[in-house]
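What follows is query_9.cif (mmCIF, C-alpha atoms).
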data_protein
loop_
_atom_site.group_PDB
_atom_site.id
_atom_site.type_symbol
_atom_site.label_atom_id
_atom_site.label_comp_id
_atom_site.auth_asym_id
_atom_site.auth_seq_id
_atom_site.Cartn_x
_atom_site.Cartn_y
_atom_site.Cartn_z
ATOM 1 C CA MET A 695 62.532 -41.474 -90.412
ATOM 2 C CA LYS A 696 63.368 -38.890 -87.760
ATOM 3 C CA TYR A 697 62.015 -35.356 -87.515
ATOM 4 C CA THR A 698 62.173 -32.477 -85.102
ATOM 5 C CA VAL A 699 58.601 -31.267 -84.692
ATOM 6 C CA PHE A 700 57.455 -27.682 -84.189
ATOM 7 C CA TRP A 701 53.793 -27.635 -83.171
ATOM 8 C CA GLY A 702 53.158 -23.883 -83.210
ATOM 9 C CA CYS A 703 50.607 -22.009 -81.110
ATOM 10 C CA MET A 704 47.167 -23.247 -82.213
ATOM 11 C CA ILE A 705 47.853 -26.978 -82.103
ATOM 12 C CA ALA A 706 49.367 -26.704 -78.632
ATOM 13 C CA THR A 707 46.546 -24.588 -77.199
ATOM 14 C CA VAL A 708 43.219 -25.244 -78.944
ATOM 15 C CA GLU A 709 43.497 -27.883 -81.684
ATOM 16 C CA TYR A 710 44.626 -30.835 -79.578
ATOM 17 C CA GLY A 711 43.123 -33.425 -81.908
ATOM 18 C CA TYR A 712 45.775 -32.705 -84.516
ATOM 19 C CA GLU A 713 48.692 -33.367 -82.177
ATOM 20 C CA ILE A 714 46.995 -36.409 -80.645
ATOM 21 C CA SER A 715 46.419 -37.989 -84.053
ATOM 22 C CA VAL A 716 49.930 -37.228 -85.317
ATOM 23 C CA ARG A 717 51.521 -38.732 -82.204
ATOM 24 C CA GLU A 718 49.360 -41.838 -82.556
ATOM 25 C CA VAL A 719 49.703 -42.353 -86.313
ATOM 26 C CA PHE A 720 53.248 -41.394 -87.235
ATOM 27 C CA PRO A 721 55.163 -43.813 -84.957
ATOM 28 C CA ARG A 722 53.102 -46.690 -86.387
ATOM 29 C CA LEU A 723 54.332 -45.641 -89.833
ATOM 30 C CA GLY A 724 57.996 -45.679 -88.809
ATOM 31 C CA VAL A 725 58.329 -41.999 -87.947
ATOM 32 C CA GLU A 726 60.242 -40.868 -84.861
ATOM 33 C CA LEU A 727 59.323 -37.393 -83.601
ATOM 34 C CA THR A 728 61.487 -35.242 -81.333
ATOM 35 C CA ASP A 729 59.902 -32.098 -79.924
ATOM 36 C CA LEU A 730 61.942 -28.961 -80.495
ATOM 37 C CA GLY A 731 62.524 -28.770 -76.750
ATOM 38 C CA TRP A 732 61.018 -25.335 -76.280
ATOM 39 C CA ASN A 733 58.106 -23.673 -77.951
ATOM 40 C CA ALA A 734 57.691 -20.199 -79.325
ATOM 41 C CA CYS A 735 55.616 -18.420 -81.930
ATOM 42 C CA CYS A 736 56.772 -18.736 -85.544
ATOM 43 C CA GLY A 737 56.100 -15.020 -85.925
ATOM 44 C CA TYR A 738 53.479 -15.365 -88.628
ATOM 45 C CA PRO A 739 50.734 -13.327 -86.844
ATOM 46 C CA ILE A 740 52.951 -10.216 -86.811
ATOM 47 C CA MET A 741 54.504 -10.606 -90.267
ATOM 48 C CA GLN A 742 52.536 -7.682 -91.703
ATOM 49 C CA VAL A 743 53.015 -5.511 -88.613
ATOM 50 C CA ASN A 744 56.735 -5.877 -87.917
ATOM 51 C CA ASN A 745 58.633 -7.756 -90.593
ATOM 52 C CA LYS A 746 61.906 -7.903 -88.702
ATOM 53 C CA ALA A 747 60.284 -9.182 -85.505
ATOM 54 C CA TRP A 748 58.681 -11.964 -87.552
ATOM 55 C CA LEU A 749 61.988 -12.850 -89.196
ATOM 56 C CA TYR A 750 63.761 -13.011 -85.842
ATOM 57 C CA LEU A 751 61.108 -15.273 -84.274
ATOM 58 C CA ALA A 752 61.107 -17.629 -87.255
ATOM 59 C CA SER A 753 64.903 -17.678 -87.382
ATOM 60 C CA ARG A 754 65.179 -18.829 -83.763
ATOM 61 C CA ILE A 755 63.200 -21.961 -84.624
ATOM 62 C CA LEU A 756 65.181 -22.602 -87.801
ATOM 63 C CA ALA A 757 68.493 -22.142 -85.985
ATOM 64 C CA GLU A 758 67.526 -24.560 -83.217
ATOM 65 C CA ALA A 759 66.361 -27.177 -85.729
ATOM 66 C CA GLN A 760 69.554 -26.680 -87.712
ATOM 67 C CA ARG A 761 71.607 -27.184 -84.536
ATOM 68 C CA LEU A 762 69.850 -30.504 -83.922
ATOM 69 C CA GLY A 763 70.577 -31.564 -87.498
ATOM 70 C CA ILE A 764 67.222 -33.300 -88.080
ATOM 71 C CA PRO A 765 64.614 -32.315 -90.723
ATOM 72 C CA LEU A 766 61.898 -30.075 -89.292
ATOM 73 C CA PHE A 767 58.300 -31.302 -89.355
ATOM 74 C CA VAL A 768 55.755 -28.462 -89.135
ATOM 75 C CA PRO A 769 52.077 -29.599 -89.143
ATOM 76 C CA CYS A 770 50.571 -26.081 -89.106
ATOM 77 C CA ASN A 771 50.053 -24.403 -92.484
ATOM 78 C CA GLY A 772 50.746 -20.926 -91.107
ATOM 79 C CA CYS A 773 53.912 -21.974 -89.296
ATOM 80 C CA HIS A 774 55.040 -23.884 -92.368
ATOM 81 C CA ILE A 775 54.890 -20.864 -94.686
ATOM 82 C CA SER A 776 56.420 -18.629 -92.002
ATOM 83 C CA LEU A 777 59.469 -20.840 -91.565
ATOM 84 C CA CYS A 778 59.868 -21.622 -95.273
ATOM 85 C CA GLU A 779 59.679 -17.955 -96.253
ATOM 86 C CA ALA A 780 62.050 -16.903 -93.468
ATOM 87 C CA GLN A 781 64.614 -19.489 -94.545
ATOM 88 C CA HIS A 782 64.252 -18.371 -98.185
ATOM 89 C CA ILE A 783 64.930 -14.743 -97.185
ATOM 90 C CA LEU A 784 67.916 -15.642 -94.992
ATOM 91 C CA ILE A 785 69.458 -17.596 -97.859
ATOM 92 C CA GLU A 786 68.857 -14.782 -100.379
ATOM 93 C CA ARG A 787 69.722 -11.794 -98.158
ATOM 94 C CA ASP A 788 73.160 -11.964 -96.514
ATOM 95 C CA GLU A 789 72.647 -8.720 -94.595
ATOM 96 C CA LEU A 790 69.461 -10.026 -92.941
ATOM 97 C CA ALA A 791 71.121 -13.317 -92.039
ATOM 98 C CA ALA A 792 73.943 -11.366 -90.393
ATOM 99 C CA TRP A 793 71.436 -9.173 -88.515
ATOM 100 C CA VAL A 794 69.510 -12.202 -87.254
ATOM 101 C CA ASN A 795 72.648 -14.050 -86.190
ATOM 102 C CA GLU A 796 73.824 -11.031 -84.187
ATOM 103 C CA LEU A 797 70.586 -11.261 -82.169
ATOM 104 C CA LEU A 798 70.749 -15.045 -81.879
ATOM 105 C CA LYS A 799 74.163 -14.832 -80.223
ATOM 106 C CA GLU A 800 72.443 -14.161 -76.890
ATOM 107 C CA GLU A 801 70.933 -17.653 -77.033
ATOM 108 C CA GLU A 802 74.073 -19.250 -78.450
ATOM 109 C CA LEU A 803 72.252 -19.966 -81.702
ATOM 110 C CA ARG A 804 73.228 -19.347 -85.308
ATOM 111 C CA PHE A 805 71.509 -19.945 -88.617
ATOM 112 C CA ASN A 806 73.796 -21.078 -91.436
ATOM 113 C CA PRO A 807 72.307 -20.005 -94.790
ATOM 114 C CA SER A 808 74.600 -22.398 -96.669
ATOM 115 C CA LYS A 809 73.025 -25.406 -94.927
ATOM 116 C CA PRO A 810 69.248 -24.901 -95.104
ATOM 117 C CA ILE A 811 67.085 -27.174 -92.974
ATOM 118 C CA LYS A 812 64.470 -29.383 -94.626
ATOM 119 C CA VAL A 813 60.999 -28.143 -93.575
ATOM 120 C CA LEU A 814 58.160 -30.628 -94.104
ATOM 121 C CA HIS A 815 54.393 -30.413 -93.723
ATOM 122 C CA THR A 816 52.054 -33.270 -92.747
ATOM 123 C CA ILE A 817 51.027 -33.881 -96.362
ATOM 124 C CA GLU A 818 54.671 -34.116 -97.443
ATOM 125 C CA VAL A 819 55.558 -36.587 -94.699
ATOM 126 C CA LEU A 820 52.622 -38.833 -95.581
ATOM 127 C CA HIS A 821 52.834 -38.549 -99.374
ATOM 128 C CA ASP A 822 56.517 -37.965 -100.122
ATOM 129 C CA GLU A 823 58.395 -39.453 -97.169
ATOM 130 C CA ILE A 824 56.304 -42.406 -95.962
ATOM 131 C CA GLY A 825 54.841 -42.948 -99.431
ATOM 132 C CA LEU A 826 51.520 -44.131 -100.772
ATOM 133 C CA GLU A 827 52.503 -47.789 -100.983
ATOM 134 C CA ASN A 828 53.469 -47.893 -97.316
ATOM 135 C CA LEU A 829 50.200 -46.166 -96.413
ATOM 136 C CA LYS A 830 48.258 -48.799 -98.343
ATOM 137 C CA LYS A 831 50.097 -51.565 -96.471
ATOM 138 C CA ALA A 832 49.100 -49.995 -93.131
ATOM 139 C CA VAL A 833 45.366 -49.938 -93.936
ATOM 140 C CA VAL A 834 43.227 -52.504 -92.106
ATOM 141 C CA LYS A 835 39.851 -50.698 -92.283
ATOM 142 C CA PRO A 836 39.560 -48.865 -95.621
ATOM 143 C CA LEU A 837 37.368 -45.788 -95.386
ATOM 144 C CA SER A 838 34.057 -46.067 -97.196
ATOM 145 C CA PHE A 839 32.812 -42.460 -97.288
ATOM 146 C CA LYS A 840 33.415 -39.602 -99.726
ATOM 147 C CA VAL A 841 35.667 -36.797 -98.505
ATOM 148 C CA ALA A 842 36.200 -33.265 -99.856
ATOM 149 C CA CYS A 843 39.749 -31.957 -99.541
ATOM 150 C CA HIS A 844 40.376 -28.467 -98.191
ATOM 151 C CA TYR A 845 44.062 -27.626 -98.577
ATOM 152 C CA GLY A 846 44.174 -24.169 -97.082
ATOM 153 C CA CYS A 847 46.109 -21.280 -98.597
ATOM 154 C CA HIS A 848 49.547 -21.250 -97.039
ATOM 155 C CA ILE A 849 50.864 -24.652 -98.060
ATOM 156 C CA LEU A 850 50.129 -23.821 -101.719
ATOM 157 C CA ARG A 851 50.934 -20.135 -102.171
ATOM 158 C CA PRO A 852 53.028 -18.112 -102.894
ATOM 159 C CA SER A 853 55.174 -20.136 -105.268
ATOM 160 C CA ASP A 854 58.267 -17.898 -105.037
ATOM 161 C CA PHE A 855 59.789 -20.673 -102.941
ATOM 162 C CA PRO A 856 58.915 -24.406 -102.799
ATOM 163 C CA ARG A 857 55.463 -25.196 -101.405
ATOM 164 C CA VAL A 858 53.824 -28.473 -100.417
ATOM 165 C CA ASP A 859 51.887 -29.048 -103.650
ATOM 166 C CA ASP A 860 50.955 -27.427 -106.948
ATOM 167 C CA ALA A 861 49.259 -24.071 -106.316
ATOM 168 C CA GLU A 862 46.689 -24.425 -109.099
ATOM 169 C CA ASN A 863 45.989 -28.141 -109.033
ATOM 170 C CA PRO A 864 47.174 -29.883 -105.847
ATOM 171 C CA SER A 865 46.719 -33.647 -105.747
ATOM 172 C CA LYS A 866 48.675 -35.098 -102.826
ATOM 173 C CA MET A 867 45.852 -35.043 -100.290
ATOM 174 C CA GLU A 868 43.509 -36.786 -102.736
ATOM 175 C CA ALA A 869 46.182 -39.422 -103.385
ATOM 176 C CA ILE A 870 46.545 -40.043 -99.646
ATOM 177 C CA LEU A 871 42.781 -40.418 -99.235
ATOM 178 C CA GLU A 872 42.584 -42.874 -102.118
ATOM 179 C CA ALA A 873 45.451 -44.881 -100.613
ATOM 180 C CA ILE A 874 43.436 -45.354 -97.399
ATOM 181 C CA GLY A 875 40.260 -46.323 -99.244
ATOM 182 C CA ALA A 876 38.278 -43.072 -99.146
ATOM 183 C CA LYS A 877 36.422 -41.700 -102.144
ATOM 184 C CA THR A 878 37.203 -38.152 -103.250
ATOM 185 C CA SER A 879 37.028 -35.892 -106.278
ATOM 186 C CA ASP A 880 37.768 -32.396 -107.468
ATOM 187 C CA TYR A 881 35.138 -29.663 -106.977
ATOM 188 C CA PRO A 882 35.068 -26.000 -108.084
ATOM 189 C CA GLU A 883 35.361 -24.531 -104.566
ATOM 190 C CA ARG A 884 38.245 -26.762 -103.474
ATOM 191 C CA LEU A 885 40.856 -23.982 -103.189
ATOM 192 C CA GLU A 886 38.614 -21.325 -101.628
ATOM 193 C CA CYS A 887 40.015 -19.721 -98.449
ATOM 194 C CA CYS A 888 38.402 -20.364 -95.054
ATOM 195 C CA GLY A 889 38.899 -16.690 -94.166
ATOM 196 C CA ALA A 890 40.877 -17.301 -90.965
ATOM 197 C CA GLY A 891 43.056 -14.248 -91.572
ATOM 198 C CA ALA A 892 40.001 -11.997 -91.186
ATOM 199 C CA ASN A 893 38.626 -13.594 -88.009
ATOM 200 C CA VAL A 894 39.747 -10.730 -85.783
ATOM 201 C CA VAL A 895 38.207 -7.939 -87.864
ATOM 202 C CA GLU A 896 35.259 -9.617 -89.649
ATOM 203 C CA PRO A 897 34.201 -12.726 -87.680
ATOM 204 C CA GLU A 898 30.635 -12.735 -89.001
ATOM 205 C CA LEU A 899 31.801 -12.482 -92.604
ATOM 206 C CA VAL A 900 34.233 -15.380 -92.015
ATOM 207 C CA ALA A 901 31.437 -17.468 -90.489
ATOM 208 C CA ARG A 902 29.256 -16.887 -93.556
ATOM 209 C CA LEU A 903 32.143 -17.745 -95.879
ATOM 210 C CA CYS A 904 32.767 -21.011 -94.037
ATOM 211 C CA GLY A 905 29.066 -21.819 -93.897
ATOM 212 C CA TRP A 906 28.794 -21.282 -97.638
ATOM 213 C CA LYS A 907 31.614 -23.725 -98.340
ATOM 214 C CA LEU A 908 30.278 -26.351 -95.924
ATOM 215 C CA LYS A 909 26.890 -26.189 -97.638
ATOM 216 C CA VAL A 910 28.456 -26.395 -101.091
ATOM 217 C CA VAL A 911 30.537 -29.428 -100.132
ATOM 218 C CA LYS A 912 27.494 -31.191 -98.729
ATOM 219 C CA ALA A 913 25.395 -30.316 -101.781
ATOM 220 C CA ARG A 914 28.048 -31.791 -104.057
ATOM 221 C CA GLY A 915 27.590 -35.199 -102.443
ATOM 222 C CA PHE A 916 30.521 -35.335 -100.045
ATOM 223 C CA ASP A 917 30.038 -37.008 -96.659
ATOM 224 C CA ALA A 918 32.813 -35.074 -94.911
ATOM 225 C CA MET A 919 35.622 -32.550 -95.303
ATOM 226 C CA VAL A 920 39.301 -33.043 -94.469
ATOM 227 C CA THR A 921 41.885 -30.401 -93.524
ATOM 228 C CA SER A 922 45.525 -30.334 -92.492
ATOM 229 C CA CYS A 923 45.560 -26.825 -91.004
ATOM 230 C CA PRO A 924 44.549 -25.910 -87.432
ATOM 231 C CA ALA A 925 43.165 -22.517 -88.478
ATOM 232 C CA CYS A 926 41.012 -24.046 -91.211
ATOM 233 C CA GLN A 927 39.898 -26.837 -88.883
ATOM 234 C CA ALA A 928 38.954 -24.344 -86.176
ATOM 235 C CA ASN A 929 36.761 -22.488 -88.668
ATOM 236 C CA TYR A 930 35.054 -25.450 -90.307
ATOM 237 C CA ASP A 931 34.867 -27.858 -87.368
ATOM 238 C CA ALA A 932 34.698 -25.918 -84.109
ATOM 239 C CA LYS A 933 32.487 -23.041 -85.282
ATOM 240 C CA GLN A 934 29.578 -24.859 -86.899
ATOM 241 C CA ASP A 935 27.214 -23.956 -84.032
ATOM 242 C CA ALA A 936 28.101 -20.264 -84.401
ATOM 243 C CA ILE A 937 27.819 -20.479 -88.192
ATOM 244 C CA ARG A 938 24.295 -21.941 -87.951
ATOM 245 C CA GLN A 939 23.223 -19.115 -85.647
ATOM 246 C CA ILE A 940 24.768 -16.343 -87.754
ATOM 247 C CA MET A 941 23.342 -17.729 -90.994
ATOM 248 C CA ASN A 942 20.087 -18.818 -89.343
ATOM 249 C CA ASP A 943 20.477 -22.082 -91.226
ATOM 250 C CA PRO A 944 20.217 -25.414 -89.354
ATOM 251 C CA ASP A 945 21.416 -27.310 -92.445
ATOM 252 C CA VAL A 946 25.031 -26.159 -92.019
ATOM 253 C CA SER A 947 26.275 -29.450 -90.637
ATOM 254 C CA LEU A 948 29.148 -31.585 -91.947
ATOM 255 C CA PRO A 949 31.788 -33.852 -90.331
ATOM 256 C CA VAL A 950 35.260 -32.279 -90.578
ATOM 257 C CA PHE A 951 38.397 -34.328 -89.904
ATOM 258 C CA TYR A 952 42.126 -33.810 -89.770
ATOM 259 C CA LEU A 953 43.960 -35.805 -92.439
ATOM 260 C CA THR A 954 45.891 -37.704 -89.767
ATOM 261 C CA GLN A 955 42.634 -38.670 -88.050
ATOM 262 C CA LEU A 956 41.366 -40.296 -91.253
ATOM 263 C CA VAL A 957 44.675 -42.082 -91.808
ATOM 264 C CA GLY A 958 44.477 -43.372 -88.241
ATOM 265 C CA LEU A 959 40.913 -44.633 -88.699
ATOM 266 C CA ALA A 960 41.970 -46.546 -91.812
ATOM 267 C CA MET A 961 44.815 -48.067 -89.801
ATOM 268 C CA GLY A 962 42.264 -49.384 -87.306
ATOM 269 C CA ILE A 963 43.177 -47.010 -84.474
ATOM 270 C CA GLU A 964 40.458 -46.350 -81.910
ATOM 271 C CA PRO A 965 38.740 -42.981 -82.619
ATOM 272 C CA ARG A 966 39.364 -41.537 -79.157
ATOM 273 C CA LYS A 967 43.078 -42.264 -79.509
ATOM 274 C CA LEU A 968 42.966 -39.966 -82.535
ATOM 275 C CA GLY A 969 41.318 -37.130 -80.613
ATOM 276 C CA LEU A 970 38.070 -37.525 -82.515
ATOM 277 C CA ASP A 971 36.028 -37.011 -79.349
ATOM 278 C CA LEU A 972 37.397 -33.440 -79.395
ATOM 279 C CA ASN A 973 36.034 -32.628 -82.855
ATOM 280 C CA LYS A 974 33.018 -30.332 -82.632
ATOM 281 C CA SER A 975 31.456 -31.192 -86.018
ATOM 282 C CA PRO A 976 29.155 -34.253 -86.286
ATOM 283 C CA VAL A 977 31.889 -36.844 -86.914
ATOM 284 C CA GLU A 978 29.803 -39.360 -84.950
ATOM 285 C CA SER A 979 27.481 -39.581 -87.946
ATOM 286 C CA LEU A 980 30.254 -41.463 -89.782
ATOM 287 C CA ILE A 981 32.217 -43.164 -87.002
ATOM 288 C CA ASN A 982 31.452 -44.744 -83.630
ATOM 289 C CA LEU A 983 32.947 -42.728 -80.805
#
Can you give me the file's structure in the form of C-alpha cells?
Amino acid sequence: MKYTVFWGCMIATVEYGYEISVREVFPRLGVELTDLGWNACCGYPIMQVNNKAWLYLASRILAEAQRLGIPLFVPCNGCHISLCEAQHILIERDELAAWVNELLKEEELRFNPSKPIKVLHTIEVLHDEIGLENLKKAVVKPLSFKVACHYGCHILRPSDFPRVDDAENPSKMEAILEAIGAKTSDYPERLECCGAGANVVEPELVARLCGWKLKVVKARGFDAMVTSCPACQANYDAKQDAIRQIMNDPDVSLPVFYLTQLVGLAMGIEPRKLGLDLNKSPVESLINL
C-alpha cells in the first residue's frame, strides 16, 4: 500500500505525536508513505471568509497528488473535509475547475475532474485498507483498558459527499479498538463537538465544553479517550491544565490518545517512539513512559 501524505498545518507545527505515531505504525503494517514534497495550507481556515481562495489552496494539493498518481492520505480531519469538498466541487462545477486550472498553470499543475484522486483518512486506512484481520495479526500486547471514541465533526459531516463513516452511527473506530484488544462502548455524548472552531472567539466557552465532555466520559467508566483529529486532540489533551483552572475543577483529568498511538502500543512499540511523551494529559496513569 502506497500513499502520498499531506500532513496539514497543525500536525506539522504543534501536534507532533500524531505524525510520530503514524510514521512508526504504518510502515510496520505494510504502508509506504511519500510526503507531498512541499507543504501548504489546505485552505480550510479561510473557507468561510474567501471561498475562492480556499478552493484554490485545496486544489493545489489535489493537483499535485493527482500528478503523482498515488492515493492521498490526509490524517487531519479539517484537511480531509477541505480536500474532499474541494474535489467534489471541482467535479460538479466545470467553470470552477477551469478557473482553478488557469491559476495552477503558473505552477505547471492541473486538476483533472474526470480522474478524481482517492482521499483517505487515518480511520479509513486502518479499517478499510489495512483491515481488521491484519490489525489483529499485528497485536502482541492487547490493550486492557476501556476507551471512549471521539470522532470529531469533519470526518462525519456533511454527507453531501462521501465521508469516513456513518454520520449518525459511526463504528469504524470502535471496531479498530476492539481489534487491538481495547474495551469500548457507545455513550450519549460520543458525537458532541470539541468546539475547536470557536477557539479564537470564545476560548473559555470551548474550555468548559471540553471539560464537560472529559468529565462525562470519566463518569461513564472510561479509562481514556481516543481521537484522530489534531484540533480535537489539542483541545482535550493539551488544554487540560487550562480547563481545570477555568472550571475551577481539579477532577478534570483523563488520558487522551491518538488512535495511531493506541494501535502502536498494542503492536508492542515503545511509548516514546509513538510520541506519547509529548501528550499533555495523564497518559502515564495507563502506560509506562
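Distance-wise, CA of Val743 in chain A and CA of Arg761 in chain A end up 28.8 Å apart.
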ask   = For this file, the PyMOL selection byres ((chain A and resi 803) around 8) selects which residues, as a PyMOL selection string?
value = chain A and resi 754+757-758+761+795+798-802+804-805
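Using all atoms listed in the file, the residues found no farther than 10 Å from Arg722 in chain A, other than those of its own chain fewer than 5 positions away, are Arg717, Ala832, Gly958 and Met961 of chain A.
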Print the selection's residues with C-alpha atoms to a file, as an mmCIF file, in the coordinates of the input.
data_model
loop_
_atom_site.group_PDB
_atom_site.id
_atom_site.type_symbol
_atom_site.label_atom_id
_atom_site.label_comp_id
_atom_site.auth_asym_id
_atom_site.auth_seq_id
_atom_site.Cartn_x
_atom_site.Cartn_y
_atom_site.Cartn_z
ATOM 1 C CA ARG A 717 51.521 -38.732 -82.204
ATOM 2 C CA ALA A 832 49.100 -49.995 -93.131
ATOM 3 C CA GLY A 958 44.477 -43.372 -88.241
ATOM 4 C CA MET A 961 44.815 -48.067 -89.801
#
task = Find the residues near Lys866 in chain A: any atom within 12 Å, counting all atoms listed in the file, skip ones fewer than 2 places away on the same chain, and give them as a VMD selection string.
result = chain A and resid 815 to 822 825 to 826 843 to 845 849 to 850 858 to 861 863 to 864 868 to 873 878 922 953
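Counting from CA of Leu790 in chain A, the distance to CA of Leu751 in chain A is 13.1 Å.
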inquiry  = Can you translate the PyMOL selection byres ((chain A and resi 965) around 12) into the concrete residues it hits in this file, as a ChimeraX atom specification?
reply    = /A:711,714-715,718-719,951,954-964,966-973,977-978,980-983
task = Enumerate, as a PyMOL selection string, the residues matched when the PyMOL selection byres ((chain A and resi 882-895) around 9) is run on the file above.
result = chain A and resi 842-847+861-863+880-881+896-901+903-904+907+910-911+925-926+928-930
Restrict the selected residues to C-alpha atoms and save them as an mmCIF file, keeping the file's coordinate frame.
data_model
loop_
_atom_site.group_PDB
_atom_site.id
_atom_site.type_symbol
_atom_site.label_atom_id
_atom_site.label_comp_id
_atom_site.auth_asym_id
_atom_site.auth_seq_id
_atom_site.Cartn_x
_atom_site.Cartn_y
_atom_site.Cartn_z
ATOM 1 C CA ALA A 842 36.200 -33.265 -99.856
ATOM 2 C CA CYS A 843 39.749 -31.957 -99.541
ATOM 3 C CA HIS A 844 40.376 -28.467 -98.191
ATOM 4 C CA TYR A 845 44.062 -27.626 -98.577
ATOM 5 C CA GLY A 846 44.174 -24.169 -97.082
ATOM 6 C CA CYS A 847 46.109 -21.280 -98.597
ATOM 7 C CA ALA A 861 49.259 -24.071 -106.316
ATOM 8 C CA GLU A 862 46.689 -24.425 -109.099
ATOM 9 C CA ASN A 863 45.989 -28.141 -109.033
ATOM 10 C CA ASP A 880 37.768 -32.396 -107.468
ATOM 11 C CA TYR A 881 35.138 -29.663 -106.977
ATOM 12 C CA GLU A 896 35.259 -9.617 -89.649
ATOM 13 C CA PRO A 897 34.201 -12.726 -87.680
ATOM 14 C CA GLU A 898 30.635 -12.735 -89.001
ATOM 15 C CA LEU A 899 31.801 -12.482 -92.604
ATOM 16 C CA VAL A 900 34.233 -15.380 -92.015
ATOM 17 C CA ALA A 901 31.437 -17.468 -90.489
ATOM 18 C CA LEU A 903 32.143 -17.745 -95.879
ATOM 19 C CA CYS A 904 32.767 -21.011 -94.037
ATOM 20 C CA LYS A 907 31.614 -23.725 -98.340
ATOM 21 C CA VAL A 910 28.456 -26.395 -101.091
ATOM 22 C CA VAL A 911 30.537 -29.428 -100.132
ATOM 23 C CA ALA A 925 43.165 -22.517 -88.478
ATOM 24 C CA CYS A 926 41.012 -24.046 -91.211
ATOM 25 C CA ALA A 928 38.954 -24.344 -86.176
ATOM 26 C CA ASN A 929 36.761 -22.488 -88.668
ATOM 27 C CA TYR A 930 35.054 -25.450 -90.307
#
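Among the candidates A:Ile783, A:Leu766, A:Ala734, A:Gly724, the residue lying nearest to Asn828 in chain A is A:Gly724 (atoms considered: only C-alpha atoms).
Of the residues listed (A:Leu730, A:Val950, A:Leu814, A:Met695), A:Val950 shows the shortest atom-to-atom separation from Pro924 in chain A; distances use only C-alpha atoms.
Reported to one decimal place, the separation of CA of His848 in chain A from CA of Met941 in chain A is 27.1 Å.
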Please define a box with edges along x, y and z of the file around all atoms of range 899-915 of chain A given in the file, extend it by 5 Å on each side, and return its centre and edge lengths in Å to one decimal, as AutoDock Vina command-line options.
--center_x 29.8 --center_y -23.8 --center_z -97.3 --size_x 18.8 --size_y 32.7 --size_z 23.6
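Of the residues listed (A:Ser879, A:Ser975, A:Ser776, A:Ser753), A:Ser975 shows the shortest atom-to-atom separation from Ala932 in chain A; distances use all atoms listed in the file.
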Residues within 10 Å of Ile775 in chain A, only C-alpha atoms, excluding chain neighbours under 3 positions, as a PyMOL selection string = chain A and resi 736+738+768+770-772+778-781+813+815+847-852+855-858
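Proximity of A:Gly731, A:Cys773, A:Pro765, A:Asp945 to Ala913 in chain A, computed with all atoms listed in the file, is greatest for A:Asp945.
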task = May I have the residues within 12 Å of Asp943 in chain A as number ranges by chain, using all atoms listed in the file and disregarding those fewer than 6 positions away in the same chain?
result = A: 901-902, 905-906, 908-909, 934-937
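With distances restricted to only C-alpha atoms, A:Pro810 is the closest residue to Gly763 in chain A from A:Gly737, A:Pro810, A:Pro721, A:Gly915.
Candidate residues A:Lys696, A:Lys746, A:Arg938, A:Lys835 were compared for distance to Leu727 in chain A, and the nearest is A:Lys696, using only C-alpha atoms.
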